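The next block is work03.cif, given as mmCIF, C-alpha atoms, pLDDT in the B column; chains and numbers go by the auth columns.
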data_model
#
loop_
_atom_site.group_PDB
_atom_site.id
_atom_site.type_symbol
_atom_site.label_atom_id
_atom_site.label_comp_id
_atom_site.label_asym_id
_atom_site.label_seq_id
_atom_site.Cartn_x
_atom_site.Cartn_y
_atom_site.Cartn_z
_atom_site.B_iso_or_equiv
_atom_site.auth_seq_id
_atom_site.auth_asym_id
ATOM 1 C CA MET A 1 31.996 -14.774 -50.768 34.00 818 Q
ATOM 2 C CA GLY A 2 32.547 -14.335 -47.022 38.00 819 Q
ATOM 3 C CA THR A 3 30.082 -15.376 -44.394 41.00 820 Q
ATOM 4 C CA SER A 4 28.217 -12.955 -42.155 43.00 821 Q
ATOM 5 C CA PRO A 5 29.421 -12.725 -38.564 49.00 822 Q
ATOM 6 C CA SER A 6 27.245 -14.468 -36.004 52.00 823 Q
ATOM 7 C CA TYR A 7 26.427 -12.602 -32.817 58.00 824 Q
ATOM 8 C CA GLN A 8 24.586 -14.065 -29.854 75.00 825 Q
ATOM 9 C CA PHE A 9 22.227 -11.519 -28.317 78.00 826 Q
ATOM 10 C CA TRP A 10 20.326 -10.962 -25.091 83.00 827 Q
ATOM 11 C CA ILE A 11 18.057 -7.947 -24.611 85.00 828 Q
ATOM 12 C CA THR A 12 16.703 -7.094 -21.175 85.00 829 Q
ATOM 13 C CA ASP A 13 13.186 -5.870 -20.570 83.00 830 Q
ATOM 14 C CA PRO A 14 12.990 -2.062 -20.176 85.00 831 Q
ATOM 15 C CA GLU A 15 13.495 -1.012 -16.563 87.00 832 Q
ATOM 16 C CA PRO A 16 12.338 2.320 -15.065 88.00 833 Q
ATOM 17 C CA ILE A 17 15.101 4.843 -14.399 89.00 834 Q
ATOM 18 C CA GLU A 18 14.956 6.531 -11.019 88.00 835 Q
ATOM 19 C CA GLY A 19 14.308 10.239 -11.315 86.00 836 Q
ATOM 20 C CA THR A 20 12.680 10.145 -14.751 85.00 837 Q
ATOM 21 C CA SER A 21 9.225 9.173 -15.942 82.00 838 Q
ATOM 22 C CA ASP A 22 9.722 9.201 -19.719 85.00 839 Q
ATOM 23 C CA ARG A 23 12.755 6.925 -20.136 89.00 840 Q
ATOM 24 C CA LYS A 24 13.634 3.339 -19.342 89.00 841 Q
ATOM 25 C CA SER A 25 16.952 1.506 -19.319 91.00 842 Q
ATOM 26 C CA VAL A 26 17.677 -1.388 -21.690 89.00 843 Q
ATOM 27 C CA VAL A 27 20.831 -3.509 -21.833 90.00 844 Q
ATOM 28 C CA VAL A 28 21.894 -5.376 -24.963 89.00 845 Q
ATOM 29 C CA SER A 29 24.466 -8.114 -24.366 88.00 846 Q
ATOM 30 C CA LEU A 30 26.221 -9.797 -27.256 85.00 847 Q
ATOM 31 C CA VAL A 31 28.882 -12.421 -27.834 84.00 848 Q
ATOM 32 C CA PRO A 32 30.834 -11.638 -31.022 77.00 849 Q
ATOM 33 C CA ALA A 33 31.721 -14.605 -33.217 72.00 850 Q
ATOM 34 C CA SER A 34 35.358 -13.496 -33.329 76.00 851 Q
ATOM 35 C CA TYR A 35 35.513 -13.091 -29.519 80.00 852 Q
ATOM 36 C CA PRO A 36 33.429 -16.019 -28.188 83.00 853 Q
ATOM 37 C CA HIS A 37 35.168 -15.808 -24.798 86.00 854 Q
ATOM 38 C CA LEU A 38 33.744 -12.320 -24.131 88.00 855 Q
ATOM 39 C CA VAL A 39 30.384 -10.675 -23.488 89.00 856 Q
ATOM 40 C CA VAL A 40 29.965 -7.005 -24.461 90.00 857 Q
ATOM 41 C CA ARG A 41 27.058 -5.188 -22.786 91.00 858 Q
ATOM 42 C CA TRP A 42 25.676 -1.881 -24.095 92.00 859 Q
ATOM 43 C CA GLN A 43 23.274 0.246 -22.049 93.00 860 Q
ATOM 44 C CA TYR A 44 20.658 2.385 -23.795 93.00 861 Q
ATOM 45 C CA THR A 45 17.642 4.404 -22.776 91.00 862 Q
ATOM 46 C CA LEU A 46 14.269 3.962 -24.407 87.00 863 Q
ATOM 47 C CA ARG A 47 12.008 7.002 -24.630 84.00 864 Q
ATOM 48 C CA GLU A 48 8.222 6.925 -24.420 78.00 865 Q
ATOM 49 C CA ASP A 49 8.059 7.335 -28.205 73.00 866 Q
ATOM 50 C CA ARG A 50 10.229 4.180 -28.477 73.00 867 Q
ATOM 51 C CA LEU A 51 13.287 6.051 -29.747 80.00 868 Q
ATOM 52 C CA VAL A 52 16.630 4.633 -28.626 84.00 869 Q
ATOM 53 C CA GLU A 53 19.189 6.954 -27.032 87.00 870 Q
ATOM 54 C CA GLY A 54 22.779 6.209 -26.111 86.00 871 Q
ATOM 55 C CA PRO A 55 24.739 4.117 -25.572 90.00 872 Q
ATOM 56 C CA TYR A 56 25.411 5.387 -22.059 90.00 873 Q
ATOM 57 C CA GLY A 57 27.745 2.643 -20.971 90.00 874 Q
ATOM 58 C CA VAL A 58 29.612 -0.441 -22.114 92.00 875 Q
ATOM 59 C CA GLN A 59 31.000 -3.398 -20.189 91.00 876 Q
ATOM 60 C CA VAL A 60 33.405 -6.020 -21.500 92.00 877 Q
ATOM 61 C CA GLN A 61 33.547 -9.190 -19.406 89.00 878 Q
ATOM 62 C CA PRO A 62 34.554 -12.844 -19.736 88.00 879 Q
ATOM 63 C CA HIS A 63 31.764 -15.064 -21.006 84.00 880 Q
ATOM 64 C CA PRO A 64 30.023 -16.455 -17.902 77.00 881 Q
ATOM 65 C CA GLY A 65 29.798 -19.869 -19.531 78.00 882 Q
ATOM 66 C CA LEU A 66 33.561 -20.298 -19.335 81.00 883 Q
ATOM 67 C CA ALA A 67 35.311 -21.808 -16.358 82.00 884 Q
ATOM 68 C CA ALA A 68 37.223 -19.205 -14.375 82.00 885 Q
ATOM 69 C CA LYS A 69 40.541 -20.831 -15.321 82.00 886 Q
ATOM 70 C CA ASN A 70 39.777 -20.021 -18.985 82.00 887 Q
ATOM 71 C CA TRP A 71 38.899 -16.365 -18.472 83.00 888 Q
ATOM 72 C CA LEU A 72 40.803 -13.855 -20.550 80.00 889 Q
ATOM 73 C CA THR A 73 42.131 -10.792 -18.759 84.00 890 Q
ATOM 74 C CA VAL A 74 40.174 -7.819 -20.097 86.00 891 Q
ATOM 75 C CA GLY A 75 42.904 -5.223 -20.263 85.00 892 Q
ATOM 76 C CA ALA A 76 43.439 -2.124 -22.371 86.00 893 Q
ATOM 77 C CA THR A 77 44.859 -4.129 -25.280 84.00 894 Q
ATOM 78 C CA VAL A 78 41.798 -6.383 -25.530 82.00 895 Q
ATOM 79 C CA VAL A 79 39.401 -3.436 -25.380 84.00 896 Q
ATOM 80 C CA ARG A 80 41.458 -1.499 -27.945 83.00 897 Q
ATOM 81 C CA ASP A 81 41.373 -4.404 -30.400 81.00 898 Q
ATOM 82 C CA LEU A 82 37.610 -4.918 -30.167 84.00 899 Q
ATOM 83 C CA PRO A 83 35.688 -3.491 -33.167 81.00 900 Q
ATOM 84 C CA LEU A 84 33.513 -1.438 -30.820 83.00 901 Q
ATOM 85 C CA THR A 85 31.913 0.652 -33.567 80.00 902 Q
ATOM 86 C CA LYS A 86 30.755 -2.466 -35.406 78.00 903 Q
ATOM 87 C CA LEU A 87 29.594 -4.157 -32.203 84.00 904 Q
ATOM 88 C CA GLU A 88 27.612 -1.135 -31.019 85.00 905 Q
ATOM 89 C CA ARG A 89 26.017 -0.804 -34.447 79.00 906 Q
ATOM 90 C CA ALA A 90 24.933 -4.452 -34.297 80.00 907 Q
ATOM 91 C CA ALA A 91 23.610 -4.074 -30.733 84.00 908 Q
ATOM 92 C CA ARG A 92 21.599 -0.957 -31.620 82.00 909 Q
ATOM 93 C CA PHE A 93 20.288 -2.637 -34.775 78.00 910 Q
ATOM 94 C CA MET A 94 19.038 -5.658 -32.831 79.00 911 Q
ATOM 95 C CA LEU A 95 17.425 -3.441 -30.214 82.00 912 Q
ATOM 96 C CA GLN A 96 15.608 -1.462 -32.893 75.00 913 Q
ATOM 97 C CA VAL A 97 14.504 -4.653 -34.621 72.00 914 Q
ATOM 98 C CA SER A 98 13.042 -5.914 -31.354 75.00 915 Q
ATOM 99 C CA LEU A 99 11.009 -2.771 -30.575 71.00 916 Q
ATOM 100 C CA LYS A 100 7.249 -2.939 -30.715 61.00 917 Q
ATOM 101 C CA ALA A 101 4.568 -0.275 -30.760 55.00 918 Q
ATOM 102 C CA PRO A 102 2.295 -0.007 -27.684 56.00 919 Q
ATOM 103 C CA ASP A 103 -0.227 -2.279 -29.417 55.00 920 Q
ATOM 104 C CA GLY A 104 2.453 -4.939 -29.920 54.00 921 Q
ATOM 105 C CA ALA A 105 2.948 -4.348 -33.641 50.00 922 Q
ATOM 106 C CA PRO A 106 6.469 -4.025 -35.083 47.00 923 Q
ATOM 107 C CA LEU A 107 7.685 -0.482 -35.596 44.00 924 Q
ATOM 108 C CA SER A 108 7.811 -0.550 -39.388 41.00 925 Q
ATOM 109 C CA GLY A 109 10.079 2.008 -40.995 40.00 926 Q
ATOM 110 C CA ARG A 110 12.444 2.152 -38.016 41.00 927 Q
ATOM 111 C CA LEU A 111 15.143 0.229 -39.889 42.00 928 Q
ATOM 112 C CA ALA A 112 14.900 2.473 -42.925 39.00 929 Q
ATOM 113 C CA ALA A 113 15.942 5.380 -40.705 45.00 930 Q
ATOM 114 C CA PHE A 114 18.901 3.505 -39.271 53.00 931 Q
ATOM 115 C CA GLY A 115 22.077 5.513 -39.764 62.00 932 Q
ATOM 116 C CA PRO A 116 25.021 7.074 -37.961 69.00 933 Q
ATOM 117 C CA ASP A 117 24.431 9.685 -35.276 71.00 934 Q
ATOM 118 C CA PRO A 118 25.850 12.974 -36.687 78.00 935 Q
ATOM 119 C CA GLU A 119 27.475 13.767 -33.336 78.00 936 Q
ATOM 120 C CA ASP A 120 29.387 10.482 -33.467 80.00 937 Q
ATOM 121 C CA ILE A 121 30.649 10.859 -37.043 87.00 938 Q
ATOM 122 C CA PRO A 122 34.169 12.241 -36.302 90.00 939 Q
ATOM 123 C CA ALA A 123 34.943 9.532 -33.724 86.00 940 Q
ATOM 124 C CA THR A 124 33.363 6.809 -35.856 85.00 941 Q
ATOM 125 C CA ALA A 125 35.373 7.950 -38.882 90.00 942 Q
ATOM 126 C CA ARG A 126 38.640 7.751 -36.949 90.00 943 Q
ATOM 127 C CA GLU A 127 37.784 4.297 -35.611 85.00 944 Q
ATOM 128 C CA THR A 128 36.852 3.109 -39.111 87.00 945 Q
ATOM 129 C CA VAL A 129 40.193 4.292 -40.480 92.00 946 Q
ATOM 130 C CA ARG A 130 42.074 2.573 -37.645 89.00 947 Q
ATOM 131 C CA GLU A 131 40.128 -0.639 -38.297 85.00 948 Q
ATOM 132 C CA ARG A 132 40.491 -0.641 -42.089 89.00 949 Q
ATOM 133 C CA HIS A 133 43.999 0.869 -42.299 92.00 950 Q
ATOM 134 C CA PRO A 134 45.887 -0.144 -39.140 89.00 951 Q
ATOM 135 C CA ASP A 135 49.203 0.545 -40.905 92.00 952 Q
ATOM 136 C CA VAL A 136 48.509 4.284 -41.156 92.00 953 Q
ATOM 137 C CA ASP A 137 50.007 6.102 -38.168 92.00 954 Q
ATOM 138 C CA PRO A 138 49.364 9.864 -38.159 92.00 955 Q
ATOM 139 C CA GLU A 139 52.387 10.354 -35.916 91.00 956 Q
ATOM 140 C CA ALA A 140 54.783 8.612 -38.312 91.00 957 Q
ATOM 141 C CA GLY A 141 55.581 11.745 -40.282 92.00 958 Q
ATOM 142 C CA PRO A 142 54.070 14.381 -42.604 93.00 959 Q
ATOM 143 C CA ALA A 143 53.235 11.920 -45.398 94.00 960 Q
ATOM 144 C CA ALA A 144 51.501 9.534 -42.995 93.00 961 Q
ATOM 145 C CA LEU A 145 49.593 12.427 -41.416 95.00 962 Q
ATOM 146 C CA ARG A 146 48.393 13.614 -44.842 95.00 963 Q
ATOM 147 C CA ARG A 147 47.144 10.098 -45.689 96.00 964 Q
ATOM 148 C CA TRP A 148 45.457 9.792 -42.276 96.00 965 Q
ATOM 149 C CA ASN A 149 43.693 13.129 -42.758 96.00 966 Q
ATOM 150 C CA ARG A 150 42.567 12.139 -46.264 96.00 967 Q
ATOM 151 C CA LEU A 151 41.207 8.779 -45.117 96.00 968 Q
ATOM 152 C CA THR A 152 39.467 10.372 -42.151 96.00 969 Q
ATOM 153 C CA ARG A 153 37.795 12.953 -44.388 96.00 970 Q
ATOM 154 C CA LEU A 154 36.638 10.229 -46.795 96.00 971 Q
ATOM 155 C CA ALA A 155 35.221 8.193 -43.893 94.00 972 Q
ATOM 156 C CA GLU A 156 33.430 11.271 -42.525 94.00 973 Q
ATOM 157 C CA VAL A 157 31.867 12.041 -45.912 95.00 974 Q
ATOM 158 C CA TRP A 158 30.648 8.457 -46.252 92.00 975 Q
ATOM 159 C CA LEU A 159 29.076 8.664 -42.788 90.00 976 Q
ATOM 160 C CA GLU A 160 27.585 12.091 -43.502 91.00 977 Q
ATOM 161 C CA TYR A 161 26.015 10.723 -46.685 89.00 978 Q
ATOM 162 C CA HIS A 162 24.273 7.908 -44.843 84.00 979 Q
ATOM 163 C CA ALA A 163 23.230 10.196 -41.997 83.00 980 Q
ATOM 164 C CA ALA A 164 21.577 12.482 -44.563 85.00 981 Q
ATOM 165 C CA GLN A 165 19.861 9.487 -46.157 78.00 982 Q
ATOM 166 C CA ALA A 166 18.574 8.351 -42.753 71.00 983 Q
ATOM 167 C CA LYS A 167 17.069 11.826 -42.221 74.00 984 Q
ATOM 168 C CA GLY A 168 15.190 11.488 -45.517 72.00 985 Q
ATOM 169 C CA GLU A 169 17.197 14.070 -47.461 81.00 986 Q
ATOM 170 C CA LYS A 170 16.307 13.784 -51.172 83.00 987 Q
ATOM 171 C CA ALA A 171 19.733 15.028 -52.306 90.00 988 Q
ATOM 172 C CA PRO A 172 22.264 13.992 -49.625 90.00 989 Q
ATOM 173 C CA THR A 173 25.214 14.767 -51.897 94.00 990 Q
ATOM 174 C CA THR A 174 24.048 18.366 -52.255 94.00 991 Q
ATOM 175 C CA VAL A 175 23.511 18.695 -48.492 93.00 992 Q
ATOM 176 C CA ILE A 176 27.104 17.575 -47.823 94.00 993 Q
ATOM 177 C CA ALA A 177 28.479 19.810 -50.588 95.00 994 Q
ATOM 178 C CA GLU A 178 26.785 22.882 -49.115 95.00 995 Q
ATOM 179 C CA ALA A 179 27.997 22.060 -45.604 94.00 996 Q
ATOM 180 C CA ARG A 180 31.580 21.557 -46.761 94.00 997 Q
ATOM 181 C CA GLY A 181 31.659 24.393 -49.310 95.00 998 Q
ATOM 182 C CA VAL A 182 32.440 22.205 -52.312 95.00 999 Q
ATOM 183 C CA ALA A 183 30.671 21.127 -55.486 95.00 1000 Q
ATOM 184 C CA PRO A 184 28.383 18.069 -55.443 94.00 1001 Q
ATOM 185 C CA ALA A 185 30.717 16.457 -57.985 95.00 1002 Q
ATOM 186 C CA THR A 186 33.525 16.664 -55.427 96.00 1003 Q
ATOM 187 C CA VAL A 187 31.394 14.885 -52.848 95.00 1004 Q
ATOM 188 C CA ARG A 188 30.575 12.141 -55.349 95.00 1005 Q
ATOM 189 C CA THR A 189 34.303 11.734 -56.022 96.00 1006 Q
ATOM 190 C CA TRP A 190 35.008 11.486 -52.297 96.00 1007 Q
ATOM 191 C CA LEU A 191 32.304 8.822 -51.906 94.00 1008 Q
ATOM 192 C CA HIS A 192 33.861 6.852 -54.754 94.00 1009 Q
ATOM 193 C CA HIS A 193 37.316 7.119 -53.176 95.00 1010 Q
ATOM 194 C CA ALA A 194 35.907 6.113 -49.781 94.00 1011 Q
ATOM 195 C CA LYS A 195 34.621 2.904 -51.338 91.00 1012 Q
ATOM 196 C CA GLN A 196 37.950 2.291 -53.054 93.00 1013 Q
ATOM 197 C CA GLU A 197 39.720 2.683 -49.706 94.00 1014 Q
ATOM 198 C CA GLY A 198 37.388 0.188 -48.008 90.00 1015 Q
ATOM 199 C CA LEU A 199 35.699 2.833 -45.876 89.00 1016 Q
ATOM 200 C CA ASP A 200 32.177 2.035 -47.092 81.00 1017 Q
ATOM 201 C CA THR A 201 30.709 1.165 -43.713 72.00 1018 Q
ATOM 202 C CA SER A 202 27.396 -0.694 -43.695 62.00 1019 Q
ATOM 203 C CA PHE A 203 24.538 0.555 -41.508 56.00 1020 Q
ATOM 204 C CA ALA A 204 22.384 -2.554 -41.678 48.00 1021 Q
ATOM 205 C CA PRO A 205 24.789 -4.988 -40.021 48.00 1022 Q
ATOM 206 C CA GLU A 206 24.887 -8.400 -41.634 42.00 1023 Q
ATOM 207 C CA PHE A 207 24.719 -11.107 -39.019 42.00 1024 Q
ATOM 208 C CA ALA A 208 23.030 -14.367 -38.272 38.00 1025 Q
ATOM 209 C CA ILE A 209 21.130 -14.353 -34.979 39.00 1026 Q
ATOM 210 C CA VAL A 210 22.197 -17.311 -32.887 38.00 1027 Q
ATOM 211 C CA ALA A 211 19.883 -16.557 -29.977 40.00 1028 Q
ATOM 212 C CA THR A 212 17.750 -13.733 -28.661 40.00 1029 Q
ATOM 213 C CA THR A 213 16.205 -13.858 -25.223 42.00 1030 Q
ATOM 214 C CA ASN A 214 15.124 -11.441 -22.521 44.00 1031 Q
ATOM 215 C CA ALA A 215 17.497 -12.981 -20.013 45.00 1032 Q
ATOM 216 C CA SER A 216 20.973 -11.577 -19.566 46.00 1033 Q
ATOM 217 C CA PRO A 217 23.828 -14.108 -19.840 47.00 1034 Q
ATOM 218 C CA LEU A 218 25.340 -12.458 -16.778 47.00 1035 Q
ATOM 219 C CA GLU A 219 22.385 -13.190 -14.580 47.00 1036 Q
ATOM 220 C CA GLY A 220 22.805 -16.914 -14.542 41.00 1037 Q
#
Let me see the structure of the file written as C-alpha cells.
Amino acid sequence: MGTSPSYQFWITDPEPIEGTSDRKSVVVSLVPASYPHLVVRWQYTLREDRLVEGPYGVQVQPHPGLAAKNWLTVGATVVRDLPLTKLERAARFMLQVSLKAPDGAPLSGRLAAFGPDPEDIPATARETVRERHPDVDPEAGPAALRRWNRLTRLAEVWLEYHAAQAKGEKAPTTVIAEARGVAPATVRTWLHHAKQEGLDTSFAPEFAIVATTNASPLEG
C-alpha cells in the first residue's frame, strides 16, 4: 500500500479586498512532497457566508528556505509537469478544513459538500487524462484521438457524478443520464470504465499535514 503525499501548508489570515465589503482575500501556500524545492501559492476569496471562491491566481516560486544557488528555474516545463489539479484540490481542502463559523466553531458538513466545480469539469477532465495517460496524444492520429476522446468523456462523467453527489442529488447517475441523453445503465458502465482506466479522482485528498500556520513562507 502506498503512502499518502505530505504537503506543508500555510494559510494567511483573511484580508479585506479594496472595493468590496463582502469578500476577503486568502492565500494558501503549500510545498508538495514531490517538489520540496518549490512553493505553490493559491489565492482565493472568502465570502461573508464563509464560502470559498476561486482560485483567482497561482504563483510557483523557489522555496525560500533554499539558498539562491540551489533555486530551480521555474519555466514552462516545470509548471506543465506540476499536478496543478491535485495541488489546488489539496489547497482548497485545507482551506475549507480551517474555516470556522463566526462563533469560532468548525463548519461541520463543509467537507461532505466538497466536490468538483461543474464549470471546471472539462478542463479538470483533460488534465486528469494527461496525468494518468501521458502516452495518449490526441494529435498522433485518428486512433489516438478516439482514445483521448473516450478517456476525456469517462473522466468528465466521473467528475459529474461527484459534483452531483456534492450537491446532494439522491440519484446522481440519473441526473447525468438525463443531461447526456443516455440510460442510467450507460452512465454506470462509464463510471466502471473510468475506474478501470485509473480516472477515479479523489475529492478528499489524502495527505499528512506537516505544518499549518498563519504565516506565509514567503514573508520570512
Separation of atom CA of His854 of chain Q from atom CA of Ala942 of chain Q, in Å and rounded to one decimal: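 Calculated distance between atom CA of His854 of chain Q and atom CA of Ala942 of chain Q is 27.6 Å.
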To one decimal place, how far is atom CA of Pro939 of chain Q from atom CA of Glu973 of chain Q in Å?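 Atom-to-atom, atom CA of Pro939 of chain Q and atom CA of Glu973 of chain Q are spaced 6.3 Å apart.
This file, filtered with the PyMOL selection byres ((chain Q and resi 1011) around 9), gives the residues Leu968, Arg970, Leu971, Ala972, Val974, Trp975, Thr1006, Trp1007, Leu1008, His1009, His1010, Lys1012, Gln1013, Glu1014, Gly1015, Leu1016 and Asp1017 of chain Q.
Interatomic distance, atom CA of Ala981 of chain Q to atom CA of Arg997 of chain Q: 13.7 Å.
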Using the file's own x, y and z axes, so that the box edges lie along x, y and z, what centre and edge lengths in Å (one decimal) does a box around every listed atom of segment 888-906 of chain Q get when 3 Å is added on each side? Give it as lines of an AutoDock Vina configuration file.
center_x = 35.4
center_y = -7.9
center_z = -26.9
size_x = 24.8
size_y = 23.0
size_z = 22.9
Name the residues captured by the PyMOL selection byres ((chain Q and resi 935) around 12) when it is applied to the shown file; answer as an mmCIF file with C-alpha atoms, in the coordinates of the input.
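Contents of result_22.cif, as written:
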data_model
loop_
_atom_site.group_PDB
_atom_site.id
_atom_site.type_symbol
_atom_site.label_atom_id
_atom_site.label_comp_id
_atom_site.auth_asym_id
_atom_site.auth_seq_id
_atom_site.Cartn_x
_atom_site.Cartn_y
_atom_site.Cartn_z
ATOM 1 C CA GLY Q 932 22.077 5.513 -39.764
ATOM 2 C CA PRO Q 933 25.021 7.074 -37.961
ATOM 3 C CA ASP Q 934 24.431 9.685 -35.276
ATOM 4 C CA GLU Q 936 27.475 13.767 -33.336
ATOM 5 C CA ASP Q 937 29.387 10.482 -33.467
ATOM 6 C CA ILE Q 938 30.649 10.859 -37.043
ATOM 7 C CA PRO Q 939 34.169 12.241 -36.302
ATOM 8 C CA ALA Q 940 34.943 9.532 -33.724
ATOM 9 C CA THR Q 941 33.363 6.809 -35.856
ATOM 10 C CA ALA Q 942 35.373 7.950 -38.882
ATOM 11 C CA GLU Q 973 33.430 11.271 -42.525
ATOM 12 C CA VAL Q 974 31.867 12.041 -45.912
ATOM 13 C CA TRP Q 975 30.648 8.457 -46.252
ATOM 14 C CA LEU Q 976 29.076 8.664 -42.788
ATOM 15 C CA GLU Q 977 27.585 12.091 -43.502
ATOM 16 C CA TYR Q 978 26.015 10.723 -46.685
ATOM 17 C CA HIS Q 979 24.273 7.908 -44.843
ATOM 18 C CA ALA Q 980 23.230 10.196 -41.997
ATOM 19 C CA ALA Q 981 21.577 12.482 -44.563
ATOM 20 C CA GLN Q 982 19.861 9.487 -46.157
ATOM 21 C CA ALA Q 983 18.574 8.351 -42.753
ATOM 22 C CA LYS Q 984 17.069 11.826 -42.221
#
Mind checking which residues fall within 7 Å of Trp859 of chain Q, counting all atoms listed in the file, ignoring those fewer than 6 positions away in the same chain, and posting them as number ranges by chain? Q: 844-846, 872, 874-876
Go through the shown structure with the PyMOL selection byres ((chain Q and resi 833-836) around 12) and write out the matching residues as a VMD selection string. chain Q and resid 830 to 832 837 to 843 861 to 865
Using all atoms listed in the file, which residue out of Q:Val992, Q:Val877, Q:Ile828, Q:Val856 lies closest to Arg897 of chain Q?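 Counting all atoms listed in the file, the residue closest to Arg897 of chain Q is Q:Val877.
When only C-alpha atoms are used to compute distances to Ala907 of chain Q, the closest of the residues Q:Val946, Q:Ala996, Q:Val848, Q:Leu883 turns out to be Q:Val848.
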Q:Ala1002, Q:Asn966, Q:Lys987, Q:Pro951 ranked by distance to Asp898 of chain Q, top pick (using all atoms listed in the file):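 Smallest distance to Asp898 of chain Q is found for Q:Pro951.
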Judged by all atoms listed in the file, the minimum distance to Gly871 of chain Q among Q:Trp965, Q:Arg947, Q:Thr1003, Q:Leu912 is found for Q:Leu912
Choose the residue, out of Q:Pro989, Q:Ala960, Q:Val1004, Q:Leu916, that has the smallest atom-to-atom separation from Asp866 of chain Q; count all atoms listed in the file.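 So, comparing all the options, the nearest one is Q:Leu916.
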